[in-house]
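Okay, work.cif now, which holds mmCIF, C-alpha atoms:
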data_coords
#
loop_
_atom_site.label_atom_id
_atom_site.label_comp_id
_atom_site.auth_asym_id
_atom_site.auth_seq_id
_atom_site.Cartn_x
_atom_site.Cartn_y
_atom_site.Cartn_z
CA MET A 1 -71.73 56.90 20.06
CA PHE A 2 -70.90 56.07 23.75
CA LYS A 3 -67.77 54.26 22.64
CA GLN A 4 -65.69 55.44 25.63
CA PRO A 5 -65.48 53.03 28.62
CA LEU A 6 -66.52 55.82 31.03
CA ASP A 7 -69.67 56.45 29.02
CA ARG A 8 -70.59 52.76 29.04
CA ALA A 9 -70.07 52.56 32.84
CA ALA A 10 -72.32 55.58 33.43
CA ILE A 11 -75.08 54.05 31.27
CA ALA A 12 -74.84 50.78 33.23
CA VAL A 13 -75.22 52.60 36.56
CA LEU A 14 -78.26 54.53 35.32
CA VAL A 15 -79.91 51.30 34.13
CA ILE A 16 -79.31 49.60 37.48
CA LEU A 17 -80.72 52.58 39.41
CA ALA A 18 -83.80 52.62 37.17
CA LEU A 19 -84.41 48.92 37.79
CA VAL A 20 -84.02 49.32 41.57
CA THR A 21 -86.41 52.30 41.57
CA ALA A 22 -88.96 50.34 39.58
CA LEU A 23 -88.76 47.42 41.97
CA LEU A 24 -89.23 49.69 45.00
CA LEU A 25 -92.20 51.45 43.43
CA SER A 26 -93.85 48.19 42.48
CA GLY A 27 -93.14 46.27 45.68
CA GLY A 28 -93.03 49.08 48.27
CA ASP A 29 -91.35 48.94 51.70
CA GLN A 30 -91.92 45.41 52.96
CA SER A 31 -91.02 46.15 56.62
CA ARG A 32 -93.96 46.34 59.02
CA PRO A 33 -94.89 49.66 60.61
CA ARG A 34 -93.65 49.97 64.19
CA VAL A 35 -92.90 52.38 67.02
CA GLN A 36 -89.34 53.64 66.72
CA GLN A 37 -89.21 55.56 69.98
CA PHE A 38 -91.30 56.10 73.12
CA SER A 39 -90.14 59.18 75.04
CA TRP A 40 -91.15 57.81 78.47
CA GLN A 41 -89.79 54.28 78.00
CA GLU A 42 -88.52 52.97 81.38
CA ARG A 43 -88.54 56.52 82.76
CA VAL A 44 -89.66 57.84 86.13
CA VAL A 45 -91.96 60.81 85.48
CA GLY A 46 -93.53 63.43 87.70
CA ALA A 47 -96.01 66.29 87.72
CA GLN A 48 -93.69 68.39 85.56
CA ASP A 49 -93.97 65.82 82.74
CA GLN A 50 -97.10 66.69 80.79
CA ALA A 51 -96.88 64.67 77.56
CA PHE A 52 -95.19 61.66 76.00
CA ILE A 53 -94.27 61.21 72.31
CA LEU A 54 -94.46 58.09 70.16
CA THR A 55 -92.39 58.16 66.95
CA PHE A 56 -93.27 55.70 64.16
CA ASN A 57 -91.06 54.43 61.35
CA ARG A 58 -93.53 55.62 58.68
CA PRO A 59 -96.65 57.77 58.35
CA MET A 60 -99.57 56.08 60.10
CA ASN A 61 -103.32 55.86 59.76
CA THR A 62 -103.92 58.08 62.77
CA ARG A 63 -107.43 56.82 63.43
CA THR A 64 -106.25 53.20 63.79
CA VAL A 65 -103.40 54.25 66.12
CA GLU A 66 -105.74 56.16 68.41
CA GLN A 67 -108.24 53.30 68.43
CA GLY A 68 -105.52 50.81 69.31
CA LEU A 69 -103.93 52.88 72.10
CA ARG A 70 -104.36 51.58 75.67
CA ILE A 71 -102.82 53.05 78.85
CA THR A 72 -103.05 50.93 82.00
CA PRO A 73 -103.97 52.27 84.54
CA GLU A 74 -105.97 54.83 82.58
CA LEU A 75 -104.55 58.31 82.06
CA ARG A 76 -106.89 60.83 80.48
CA GLY A 77 -105.32 62.91 77.72
CA LYS A 78 -105.58 64.31 74.21
CA VAL A 79 -103.77 63.27 71.04
CA SER A 80 -102.01 65.49 68.50
CA TRP A 81 -99.94 64.59 65.42
CA ALA A 82 -96.93 66.07 63.61
CA GLY A 83 -95.89 63.81 60.74
CA ARG A 84 -94.76 60.46 62.14
CA ARG A 85 -94.87 61.72 65.74
CA MET A 86 -97.87 61.38 68.03
CA ALA A 87 -98.04 63.40 71.25
CA TYR A 88 -100.30 62.37 74.14
CA THR A 89 -100.86 65.35 76.45
CA LEU A 90 -102.22 64.58 79.91
CA LEU A 91 -105.28 66.43 81.18
CA GLU A 92 -104.03 66.29 84.78
CA PRO A 93 -100.80 65.40 86.61
CA VAL A 94 -99.90 61.72 86.75
CA PRO A 95 -100.70 60.00 90.06
CA TYR A 96 -97.54 59.32 92.03
CA GLY A 97 -96.37 55.91 93.17
CA GLN A 98 -97.71 53.87 90.23
CA GLU A 99 -96.45 51.79 87.29
CA TYR A 100 -97.95 52.22 83.80
CA GLN A 101 -98.10 50.27 80.56
CA VAL A 102 -98.71 51.81 77.12
CA GLN A 103 -99.88 49.45 74.35
CA ILE A 104 -100.78 49.88 70.67
CA THR A 105 -102.34 47.03 68.70
CA GLY A 106 -104.10 46.81 65.34
CA ALA A 107 -102.77 50.12 63.97
CA LYS A 108 -102.08 50.43 60.22
CA ASP A 109 -99.80 52.55 58.07
CA LYS A 110 -101.08 55.37 55.88
CA TYR A 111 -99.61 54.90 52.40
CA GLY A 112 -98.64 51.23 52.23
CA ARG A 113 -100.80 48.18 51.82
CA GLY A 114 -102.61 48.70 55.09
CA GLN A 115 -100.15 46.54 56.97
CA VAL A 116 -100.89 46.03 60.66
CA MET A 117 -98.06 47.37 62.79
CA GLU A 118 -95.99 45.32 65.18
CA PRO A 119 -97.71 45.27 68.61
CA PHE A 120 -96.04 47.80 70.91
CA THR A 121 -95.71 47.78 74.70
CA GLY A 122 -93.99 50.57 76.64
CA ARG A 123 -93.56 50.99 80.37
CA PHE A 124 -92.90 53.84 82.77
CA ARG A 125 -93.54 54.66 86.41
CA THR A 126 -94.19 57.78 88.43
CA ARG A 127 -92.23 59.29 91.28
CA ASP A 128 -92.64 58.03 94.82
CA GLN A 129 -95.22 59.53 97.15
CA ALA A 130 -92.81 60.95 99.69
CA PHE A 131 -92.55 63.95 101.98
CA ILE A 132 -90.20 65.57 104.46
CA TYR A 133 -90.85 67.22 107.81
CA VAL A 134 -88.97 68.56 110.82
CA GLY A 135 -89.37 66.15 113.72
CA THR A 136 -90.52 67.37 117.11
CA GLN A 137 -90.27 64.33 119.39
CA GLY A 138 -87.66 61.84 120.58
CA ASP A 139 -84.60 61.20 118.40
CA GLU A 140 -86.29 63.06 115.50
CA ALA A 141 -86.62 66.36 117.39
CA GLY A 142 -85.14 69.19 115.32
CA ARG A 143 -84.01 66.84 112.54
CA LEU A 144 -85.16 66.52 108.94
CA VAL A 145 -87.08 63.31 108.26
CA LEU A 146 -87.99 61.66 104.92
CA HIS A 147 -91.13 59.50 104.90
CA ASN A 148 -91.69 57.50 101.70
CA LEU A 149 -95.26 56.18 101.38
CA THR A 150 -94.53 54.28 98.15
CA GLN A 151 -91.52 52.36 99.43
CA GLY A 152 -92.76 52.17 103.01
CA THR A 153 -89.50 53.66 104.34
CA HIS A 154 -88.80 56.23 107.04
CA ARG A 155 -85.39 57.88 107.49
CA VAL A 156 -83.85 60.70 109.49
CA LEU A 157 -81.65 62.68 107.08
CA THR A 158 -79.76 65.18 109.25
CA PRO A 159 -77.40 64.64 112.21
CA PRO A 160 -78.51 65.34 115.80
CA GLU A 161 -76.14 68.31 116.23
CA LEU A 162 -78.08 70.38 113.65
CA VAL A 163 -81.44 71.91 114.62
CA VAL A 164 -83.39 72.34 111.37
CA LEU A 165 -85.47 75.50 110.98
CA ASP A 166 -86.78 75.32 107.40
CA ALA A 167 -86.37 73.07 104.36
CA GLN A 168 -87.26 73.06 100.65
CA PRO A 169 -86.66 70.17 98.19
CA LEU A 170 -84.91 70.61 94.86
CA PRO A 171 -87.03 69.80 91.75
CA GLN A 172 -85.05 66.63 91.04
CA ALA A 173 -85.86 65.42 94.59
CA ASP A 174 -82.26 64.24 95.02
CA ARG A 175 -81.44 66.89 97.65
CA ILE A 176 -83.08 69.15 100.22
CA VAL A 177 -81.95 72.70 100.96
CA PHE A 178 -82.36 73.46 104.67
CA SER A 179 -81.42 76.07 107.25
CA ALA A 180 -80.19 75.00 110.66
CA GLN A 181 -78.21 76.05 113.70
CA LYS A 182 -75.78 73.92 115.68
CA GLN A 183 -76.69 72.61 119.10
CA GLY A 184 -75.09 74.73 121.80
CA ASP A 185 -73.83 77.42 119.39
CA PRO A 186 -73.45 80.56 121.56
CA ALA A 187 -73.84 82.84 118.52
CA ILE A 188 -76.99 80.97 117.45
CA ALA A 189 -75.71 81.30 113.88
CA VAL A 190 -78.08 79.98 111.23
CA GLU A 191 -76.40 78.37 108.23
CA ILE A 192 -77.78 76.79 105.05
CA TYR A 193 -76.99 73.26 103.93
CA THR A 194 -78.04 70.58 101.45
CA VAL A 195 -78.73 66.93 102.26
CA THR A 196 -79.23 64.00 99.88
CA THR A 197 -82.45 61.97 99.82
CA GLY A 198 -81.15 58.83 98.11
CA LEU A 199 -83.62 59.35 95.24
CA GLN A 200 -82.64 59.92 91.62
CA TYR A 201 -85.07 61.29 89.03
CA ALA A 202 -84.32 62.58 85.54
CA THR A 203 -85.52 66.08 84.64
CA PRO A 204 -84.89 68.37 81.63
CA ALA A 205 -81.83 69.59 83.55
CA GLY A 206 -80.38 66.07 83.51
CA THR A 207 -80.16 63.08 85.85
CA PRO A 208 -78.38 63.69 89.17
CA PRO A 209 -75.79 61.16 90.31
CA ARG A 210 -77.08 58.49 92.67
CA ARG A 211 -75.95 59.20 96.23
CA GLU A 212 -76.72 57.68 99.59
CA ALA A 213 -79.32 59.49 101.68
CA GLY A 214 -78.16 61.72 104.52
CA GLN A 215 -75.03 63.31 102.99
CA VAL A 216 -74.91 66.88 104.34
CA ALA A 217 -72.97 69.67 102.62
CA MET A 218 -72.55 73.33 103.56
CA LEU A 219 -74.15 75.75 101.08
CA LEU A 220 -74.02 79.12 102.86
CA PRO A 221 -72.08 79.59 106.14
CA SER A 222 -72.91 82.42 108.51
CA GLU A 223 -69.74 84.47 107.74
CA GLY A 224 -70.73 87.13 110.27
CA PHE A 225 -74.38 87.05 109.17
CA GLN A 226 -77.53 85.52 110.51
CA ASN A 227 -79.14 83.66 107.59
CA LEU A 228 -82.86 84.18 108.05
CA LYS A 229 -85.65 83.21 105.63
CA PHE A 230 -84.78 81.76 102.22
CA ASP A 231 -86.77 80.87 99.11
CA LEU A 232 -85.69 78.47 96.38
CA SER A 233 -86.29 79.22 92.70
CA PRO A 234 -88.61 76.66 91.03
CA ASP A 235 -85.80 75.41 88.75
CA GLY A 236 -83.63 74.77 91.81
CA GLN A 237 -80.67 76.74 90.43
CA LYS A 238 -80.60 79.53 93.02
CA LEU A 239 -82.10 80.75 96.25
CA VAL A 240 -82.67 84.16 97.76
CA VAL A 241 -81.64 84.55 101.39
CA ALA A 242 -82.43 87.30 103.90
CA ARG A 243 -79.15 87.92 105.80
CA ALA A 244 -78.81 90.07 108.92
CA SER A 245 -75.29 91.27 109.70
CA LEU A 246 -74.17 90.51 113.26
CA SER A 247 -71.84 93.56 113.32
CA ASN A 248 -73.15 96.20 110.87
CA SER A 249 -76.87 96.55 110.22
CA ALA A 250 -76.15 98.57 107.07
CA GLN A 251 -74.85 95.36 105.45
CA SER A 252 -78.07 93.45 106.09
CA GLY A 253 -80.26 92.60 103.11
CA LEU A 254 -81.14 89.99 100.50
CA TRP A 255 -78.53 87.82 98.79
CA GLN A 256 -78.74 85.53 95.78
CA VAL A 257 -76.96 82.19 96.21
CA ASP A 258 -76.33 79.76 93.35
CA LEU A 259 -76.19 76.08 94.18
CA GLY A 260 -72.64 76.08 92.90
CA GLY A 261 -71.72 78.31 95.84
CA GLU A 262 -71.50 81.73 94.15
CA ARG A 263 -73.28 84.51 96.02
CA ARG A 264 -73.91 88.23 95.69
CA ALA A 265 -75.81 90.92 97.53
CA LEU A 266 -78.98 92.09 95.74
CA GLN A 267 -78.91 95.64 97.14
CA VAL A 268 -82.37 95.03 98.59
CA GLY A 269 -82.81 95.75 102.29
CA LEU A 270 -84.52 93.48 104.76
CA GLY A 271 -88.27 93.88 104.73
CA GLY A 272 -91.36 91.75 104.66
CA ASP A 273 -91.99 88.28 103.29
CA PHE A 274 -90.70 87.46 99.78
CA ARG A 275 -91.05 84.81 97.06
CA VAL A 276 -89.09 84.01 93.91
CA THR A 277 -91.38 84.06 90.86
CA PRO A 278 -91.93 80.80 88.91
CA ASP A 279 -89.64 81.96 86.06
CA GLY A 280 -86.83 82.50 88.58
CA GLN A 281 -86.14 85.99 87.23
CA ASN A 282 -87.93 88.20 89.76
CA LEU A 283 -88.87 88.55 93.39
CA VAL A 284 -92.19 89.51 94.97
CA MET A 285 -91.64 91.24 98.31
CA ALA A 286 -93.92 92.89 100.84
CA LYS A 287 -93.02 96.58 101.07
CA GLY A 288 -94.95 99.09 103.12
CA GLN A 289 -98.63 98.83 102.24
CA GLY A 290 -98.21 96.67 99.14
CA LEU A 291 -96.20 94.17 97.12
CA ALA A 292 -93.16 95.07 95.01
CA LEU A 293 -92.01 93.08 91.97
CA LEU A 294 -88.21 93.30 91.93
CA PRO A 295 -85.86 91.90 89.26
CA LEU A 296 -83.01 89.65 90.36
CA ARG A 297 -80.69 91.23 87.77
CA PRO A 298 -78.14 93.65 89.24
CA GLU A 299 -78.88 97.39 89.00
CA ALA A 300 -82.32 96.84 87.39
CA ASP A 301 -85.19 99.11 88.35
CA PRO A 302 -88.27 97.76 90.20
CA LEU A 303 -90.79 96.34 87.75
CA GLU A 304 -94.10 97.02 89.45
CA PHE A 305 -95.73 97.91 92.76
CA LEU A 306 -99.09 96.48 93.78
CA PRO A 307 -100.46 98.75 96.54
CA LYS A 308 -103.79 96.92 96.64
CA PHE A 309 -102.43 93.67 98.08
CA GLY A 310 -100.53 93.04 101.27
CA GLN A 311 -99.57 89.38 100.99
CA LEU A 312 -98.69 86.85 98.29
CA LEU A 313 -99.75 83.30 99.11
CA GLU A 314 -99.07 81.21 96.00
CA PHE A 315 -98.27 81.16 92.29
CA ASP A 316 -99.66 78.57 89.91
CA ARG A 317 -97.15 76.31 88.15
CA ARG A 318 -97.06 78.33 84.96
CA GLY A 319 -96.60 81.61 86.81
CA THR A 320 -99.58 83.25 85.12
CA ARG A 321 -101.82 83.43 88.20
CA ALA A 322 -101.32 84.22 91.88
CA LEU A 323 -103.33 84.11 95.09
CA MET A 324 -103.05 87.34 97.09
CA VAL A 325 -104.57 88.79 100.24
CA LYS A 326 -106.08 92.25 100.44
CA PHE A 327 -106.51 93.95 103.83
CA ASN A 328 -109.76 95.89 103.57
CA SER A 329 -110.59 99.18 105.32
CA ASP A 330 -113.57 97.56 107.11
CA PHE A 331 -111.16 95.18 108.92
CA THR A 332 -112.06 92.24 106.69
CA ARG A 333 -109.64 90.34 104.48
CA SER A 334 -110.13 89.16 100.92
CA LEU A 335 -108.55 86.35 98.93
CA PHE A 336 -107.96 87.45 95.33
CA LEU A 337 -107.07 85.50 92.22
CA VAL A 338 -104.80 87.76 90.17
CA GLY A 339 -103.85 86.84 86.60
CA GLU A 340 -103.64 87.85 82.99
CA THR A 341 -107.41 88.30 82.79
CA GLY A 342 -107.62 90.61 85.80
CA GLU A 343 -108.53 90.28 89.46
CA GLN A 344 -111.24 88.13 91.02
CA GLU A 345 -112.26 88.23 94.69
CA LEU A 346 -112.82 84.64 95.80
CA LEU A 347 -113.44 85.08 99.53
CA ARG A 348 -114.03 87.88 102.03
CA LEU A 349 -114.09 87.21 105.75
CA ARG A 350 -113.70 88.77 109.16
CA GLY A 351 -110.78 86.65 110.24
CA SER A 352 -107.41 85.52 108.90
CA ILE A 353 -106.36 83.86 105.63
CA LEU A 354 -103.47 81.62 106.64
CA SER A 355 -102.52 80.00 103.32
CA ALA A 356 -103.93 79.02 99.93
CA CYS A 357 -102.88 76.95 96.92
CA PHE A 358 -104.08 75.95 93.45
CA ASP A 359 -105.48 72.49 92.70
CA PRO A 360 -103.52 71.22 89.66
CA ARG A 361 -106.38 68.91 88.58
CA ARG A 362 -109.45 71.14 88.59
CA PRO A 363 -110.42 74.82 88.84
CA TRP A 364 -110.29 74.86 92.62
CA VAL A 365 -108.34 76.76 95.24
CA TYR A 366 -107.69 75.35 98.70
CA VAL A 367 -107.61 77.83 101.57
CA LEU A 368 -106.79 77.67 105.28
CA ALA A 369 -108.58 80.44 107.14
CA THR A 370 -110.01 81.39 110.52
CA GLU A 371 -113.37 82.98 111.20
CA ALA A 372 -115.64 83.25 114.21
CA SER A 373 -119.19 81.95 113.81
CA GLU A 374 -122.09 80.53 115.76
CA ALA A 375 -120.93 77.03 114.82
CA THR A 376 -117.67 77.67 116.72
CA ASN A 377 -119.30 79.57 119.61
CA PHE A 378 -117.84 82.73 118.09
CA GLN A 379 -114.32 81.45 118.68
CA GLU A 380 -111.99 82.08 115.75
CA LEU A 381 -111.18 78.49 114.77
CA PRO A 382 -109.29 77.50 111.61
CA TYR A 383 -110.86 75.54 108.78
CA LEU A 384 -109.85 74.08 105.41
CA ALA A 385 -112.10 74.70 102.41
CA ALA A 386 -112.04 74.39 98.64
CA ILE A 387 -113.28 77.27 96.49
CA VAL A 388 -114.64 76.51 93.02
CA ILE A 389 -113.15 79.38 90.98
CA PRO A 390 -115.85 79.81 88.28
CA THR A 391 -118.73 79.94 90.77
CA LYS A 392 -116.94 80.99 94.01
CA GLN A 393 -118.74 78.11 95.73
CA ILE A 394 -117.10 77.27 99.07
CA LEU A 395 -116.81 73.56 99.89
CA PRO A 396 -115.99 72.95 103.59
CA LEU A 397 -113.48 70.13 104.06
CA VAL A 398 -112.06 70.17 107.62
CA GLN A 399 -113.12 72.16 110.69
CA PHE A 400 -110.35 72.24 113.28
CA ALA A 401 -111.27 72.15 116.97
CA ASP A 402 -108.11 73.88 118.20
CA PRO A 403 -107.31 77.58 117.57
CA THR A 404 -103.62 76.80 116.89
CA PRO A 405 -103.04 77.61 113.20
CA PRO A 406 -102.57 74.41 111.17
CA TYR A 407 -100.24 73.95 108.19
CA MET A 408 -101.11 72.40 104.82
CA ALA A 409 -99.11 70.99 101.90
CA LEU A 410 -100.70 69.83 98.64
CA SER A 411 -99.11 66.86 96.88
CA PRO A 412 -97.63 67.53 93.39
CA ASP A 413 -100.24 65.28 91.75
CA GLY A 414 -103.06 67.08 93.61
CA ARG A 415 -104.45 63.89 95.13
CA ALA A 416 -103.57 64.33 98.81
CA MET A 417 -103.09 67.05 101.38
CA LEU A 418 -100.72 66.89 104.34
CA LEU A 419 -102.01 68.65 107.44
CA GLU A 420 -100.04 69.57 110.54
CA MET A 421 -102.19 70.07 113.61
CA ASN A 422 -100.36 70.83 116.85
CA GLY A 423 -97.29 69.01 115.61
CA HIS A 424 -99.29 65.94 114.57
CA LEU A 425 -99.29 64.94 110.87
CA TRP A 426 -102.40 63.85 108.99
CA ARG A 427 -103.17 62.99 105.37
CA LEU A 428 -106.40 64.04 103.62
CA ALA A 429 -107.30 62.18 100.41
CA LEU A 430 -108.55 64.48 97.63
CA GLY A 431 -110.45 62.16 95.34
CA ALA A 432 -113.25 63.02 92.97
CA ASN A 433 -115.28 64.42 95.89
CA PRO A 434 -113.18 65.22 98.98
CA VAL A 435 -116.13 66.78 100.82
CA GLY A 436 -116.86 64.61 103.84
CA GLN A 437 -113.49 62.83 103.77
CA LYS A 438 -111.79 62.44 107.15
CA PRO A 439 -108.05 63.08 107.56
CA GLU A 440 -105.97 59.95 108.14
CA ASP A 441 -103.68 59.94 111.18
CA LEU A 442 -100.14 59.15 109.95
CA GLY A 443 -98.83 58.52 113.46
CA LEU A 444 -96.02 61.04 112.87
CA TRP A 445 -95.02 64.07 114.92
CA GLY A 446 -93.41 67.03 113.21
CA ARG A 447 -93.84 70.43 111.63
CA GLN A 448 -93.62 72.05 108.18
CA PRO A 449 -94.33 68.95 106.07
CA ARG A 450 -93.46 69.29 102.38
CA TRP A 451 -94.03 66.80 99.57
CA LEU A 452 -91.11 65.90 97.36
CA PRO A 453 -91.78 67.24 93.83
#
How does this structure look as structure tokens?
Amino acid sequence: MFKQPLDRAAIAVLVILALVTALLLSGGDQSRPRVQQFSWQERVVGAQDQAFILTFNRPMNTRTVEQGLRITPELRGKVSWAGRRMAYTLLEPVPYGQEYQVQITGAKDKYGRGQVMEPFTGRFRTRDQAFIYVGTQGDEAGRLVLHNLTQGTHRVLTPPELVVLDAQPLPQADRIVFSAQKQGDPAIAVEIYTVTTGLQYATPAGTPPRREAGQVAMLLPSEGFQNLKFDLSPDGQKLVVARASLSNSAQSGLWQVDLGGERRALQVGLGGDFRVTPDGQNLVMAKGQGLALLPLRPEADPLEFLPKFGQLLEFDRRGTRALMVKFNSDFTRSLFLVGETGEQELLRLRGSILSACFDPRRPWVYVLATEASEATNFQELPYLAAIVIPTKQILPLVQFADPTPPYMALSPDGRAMLLEMNGHLWRLALGANPVGQKPEDLGLWGRQPRWLP
């Protein structure tokens, strides 16, 4: 039996495998548990990054890992597990302009001999606190300016021959889309450009190439049109532009422009204000006495008409809620929160609702409004307030002394508000209790400030 050489070789292999298996079962894996991968290692993260993942080389005693986890400075979050992967989901956006260290010490594996894992240290940082604005004085007049609070830098991005009208940053913060007209242009043609910021941040769409700040490129020339208002989709892949023909009014309407340069007419005529929805698939546009939800796909039928509301102010980041204005028959105006759970009136006043936005850190809404009262000698002066959504409590923040409508921009981490008052820029800190905080004079003159995402 088993006299053939092949049979004897097979038996020898089986014996060796059995011995190796026995040794492994008796001795176990002698390597120490450790972190194999940290998803944010040496990365620059922003408000769009909501969780990091730690992958271990073996199943872990989850309680010891969570007890040994330290994040410096502290970031509040919650832990969830899927096998050897631990996810840490943040409870609020990361503060911008900071460096962080993630450490795990004293953690043990689950099935081995209770070995203590190798100490782990990971590092990441957050995006710079930076914003853009259109200058109004001196050499900055009519030009796009980048002010970086984290790096302490200040740079004019656009050349003096272009007068900037509006600007919106791309989500990677590497470029700004802006509309402008050339100095001395007799046709006063408005064209749309991009300009580089000199910043480079990775996003799910990839990491843009590093380029020097101030490189201007044409995106949409006039081509016999006046390019009016535009709105950029949240993913930065396309924008919708209102274009008025300089020769044939029948050709005027909305166009979709991809950042690659492709463009097409949407067969939607010029009308009221419009916004691209957070998913980038639809458009909300003021039409007649209401708001129309229009698809950006060619030849598609309108999705919905909201006759109750006359103005859209803001979407939340997930696109599930919106802030809208209703013009009431008694000449008052109401601010409504509209979402999946229905409609909620947050504020009614006899005045104007200028703008509103969601606080990404807490259930608040910030609103700029005007209303006459005894405190203002019945003059309709603007004010900034926070509204606590669950209770509708109104928290007054800033009362403006001038009737000129101000402008506000909330930082992506929700910790600061830029205010433009008569072309003068201020910064309001929004800490744990912003009530009573005074705006800080930035010593800058400009309009339409916008934070980089």
Near stretch 294-298 of chain A, 10 Å: stretch 214-273 of chain A residue rows, closest pairs, all atoms listed in the file, as a tab-separated table:
residue	atom	partner	partner_atom	distance
A:Val240	CA	A:Leu296	CA	9.2
A:Trp255	CA	A:Leu296	CA	9.7
A:Gln256	CA	A:Leu296	CA	8.0
A:Arg264	CA	A:Pro298	CA	9.4
A:Ala265	CA	A:Pro298	CA	9.0
A:Leu266	CA	A:Pro298	CA	6.7
A:Gln267	CA	A:Pro298	CA	8.2
A:Val268	CA	A:Leu294	CA	9.0
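The smallest atom-to-atom distance between A:Gln41 and any of A:Val94, A:Thr121, A:Thr72, A:Leu146, using all atoms listed in the file, is found for A:Thr121.
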Skip stretch 187-196 of chain A itself and residues of its chain fewer than 2 positions away, then list as a PyMOL selection string all residues within 9 Å of it, counting all atoms listed in the file. chain A and resi 157-158+165+173-185+198-199+211-222+224-228
Those residues you just picked out, can you put them in a file as a PDB file, keeping the file's coordinate frame with C-alpha atoms?
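Contents of the output file part.pdb:
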ATOM      1  CA  LEU A 157     -81.650  62.680 107.080  1.00  0.00           C
ATOM      2  CA  THR A 158     -79.760  65.180 109.250  1.00  0.00           C
ATOM      3  CA  LEU A 165     -85.470  75.500 110.980  1.00  0.00           C
ATOM      4  CA  ALA A 173     -85.860  65.420  94.590  1.00  0.00           C
ATOM      5  CA  ASP A 174     -82.260  64.240  95.020  1.00  0.00           C
ATOM      6  CA  ARG A 175     -81.440  66.890  97.650  1.00  0.00           C
ATOM      7  CA  ILE A 176     -83.080  69.150 100.220  1.00  0.00           C
ATOM      8  CA  VAL A 177     -81.950  72.700 100.960  1.00  0.00           C
ATOM      9  CA  PHE A 178     -82.360  73.460 104.670  1.00  0.00           C
ATOM     10  CA  SER A 179     -81.420  76.070 107.250  1.00  0.00           C
ATOM     11  CA  ALA A 180     -80.190  75.000 110.660  1.00  0.00           C
ATOM     12  CA  GLN A 181     -78.210  76.050 113.700  1.00  0.00           C
ATOM     13  CA  LYS A 182     -75.780  73.920 115.680  1.00  0.00           C
ATOM     14  CA  GLN A 183     -76.690  72.610 119.100  1.00  0.00           C
ATOM     15  CA  GLY A 184     -75.090  74.730 121.800  1.00  0.00           C
ATOM     16  CA  ASP A 185     -73.830  77.420 119.390  1.00  0.00           C
ATOM     17  CA  GLY A 198     -81.150  58.830  98.110  1.00  0.00           C
ATOM     18  CA  LEU A 199     -83.620  59.350  95.240  1.00  0.00           C
ATOM     19  CA  ARG A 211     -75.950  59.200  96.230  1.00  0.00           C
ATOM     20  CA  GLU A 212     -76.720  57.680  99.590  1.00  0.00           C
ATOM     21  CA  ALA A 213     -79.320  59.490 101.680  1.00  0.00           C
ATOM     22  CA  GLY A 214     -78.160  61.720 104.520  1.00  0.00           C
ATOM     23  CA  GLN A 215     -75.030  63.310 102.990  1.00  0.00           C
ATOM     24  CA  VAL A 216     -74.910  66.880 104.340  1.00  0.00           C
ATOM     25  CA  ALA A 217     -72.970  69.670 102.620  1.00  0.00           C
ATOM     26  CA  MET A 218     -72.550  73.330 103.560  1.00  0.00           C
ATOM     27  CA  LEU A 219     -74.150  75.750 101.080  1.00  0.00           C
ATOM     28  CA  LEU A 220     -74.020  79.120 102.860  1.00  0.00           C
ATOM     29  CA  PRO A 221     -72.080  79.590 106.140  1.00  0.00           C
ATOM     30  CA  SER A 222     -72.910  82.420 108.510  1.00  0.00           C
ATOM     31  CA  GLY A 224     -70.730  87.130 110.270  1.00  0.00           C
ATOM     32  CA  PHE A 225     -74.380  87.050 109.170  1.00  0.00           C
ATOM     33  CA  GLN A 226     -77.530  85.520 110.510  1.00  0.00           C
ATOM     34  CA  ASN A 227     -79.140  83.660 107.590  1.00  0.00           C
ATOM     35  CA  LEU A 228     -82.860  84.180 108.050  1.00  0.00           C
TER      36      LEU A 228
END
To one decimal place, how far is atom CA of A:Thr126 from atom CA of A:Gly236 in Å?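 So the two atoms, atom CA of A:Thr126 and atom CA of A:Gly236, lie 20.3 Å apart.
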With all atoms listed in the file counted, which protein, DNA or RNA residues have an atom no more than 12 Å from (-106.7, 76.8, 92.2) in the file frame? Please answer as JSON, numbers by chain. {"A": [313, 314, 315, 316, 317, 320, 321, 322, 323, 335, 336, 337, 338, 339, 346, 356, 357, 358, 359, 360, 361, 362, 363, 364, 365, 366, 367, 385, 386, 387, 388, 389, 390, 392, 410, 414]}
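Of the residues under consideration (A:Asp235, A:Glu345, A:Glu118, A:Glu420), A:Asp235 shows the shortest atom-to-atom contact distance to A:Leu259 when counting all atoms listed in the file.
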As a PyMOL selection string, please: the residues near A:Gln311 (cut-off 12 Å, only C-alpha atoms, same-chain neighbours under 3 positions excluded). chain A and resi 272-275+284-292+306-308+314+322-327+333-336+352-356
Choose the residue, out of A:Arg348, A:Gly342, A:Pro169, A:Phe305, that has the smallest atom-to-atom separation from A:Ile394; count all atoms listed in the file.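 With all atoms listed in the file as the atom set, the closest residue is A:Arg348.
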Could you tell me which residues the PyMOL selection byres ((chain A and resi 97) around 10) returns for this structure, as an NGL selection string? :A and (44 or 46 or 94-96 or 98-99 or 125-130 or 148-151)
Using 3 Å of padding on each side, determine the axis-aligned box around all atoms of stretch 78-87 of chain A present in the file and give its centre and edge lengths in Å to one decimal, as AutoDock Vina command-line options.
--center_x -100.2 --center_y 63.3 --center_z 67.5 --size_x 16.8 --size_y 11.6 --size_z 19.5
Neighbouring residues of A:Lys78 were defined as those with any atom within 8 Å, considering all atoms listed in the file; residues of the same chain fewer than 6 positions away were excluded. Please report them as a list in words.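 With the cut-off at 8 Å, the set is Tyr88, Thr89, Leu90 and Leu91 of chain A.
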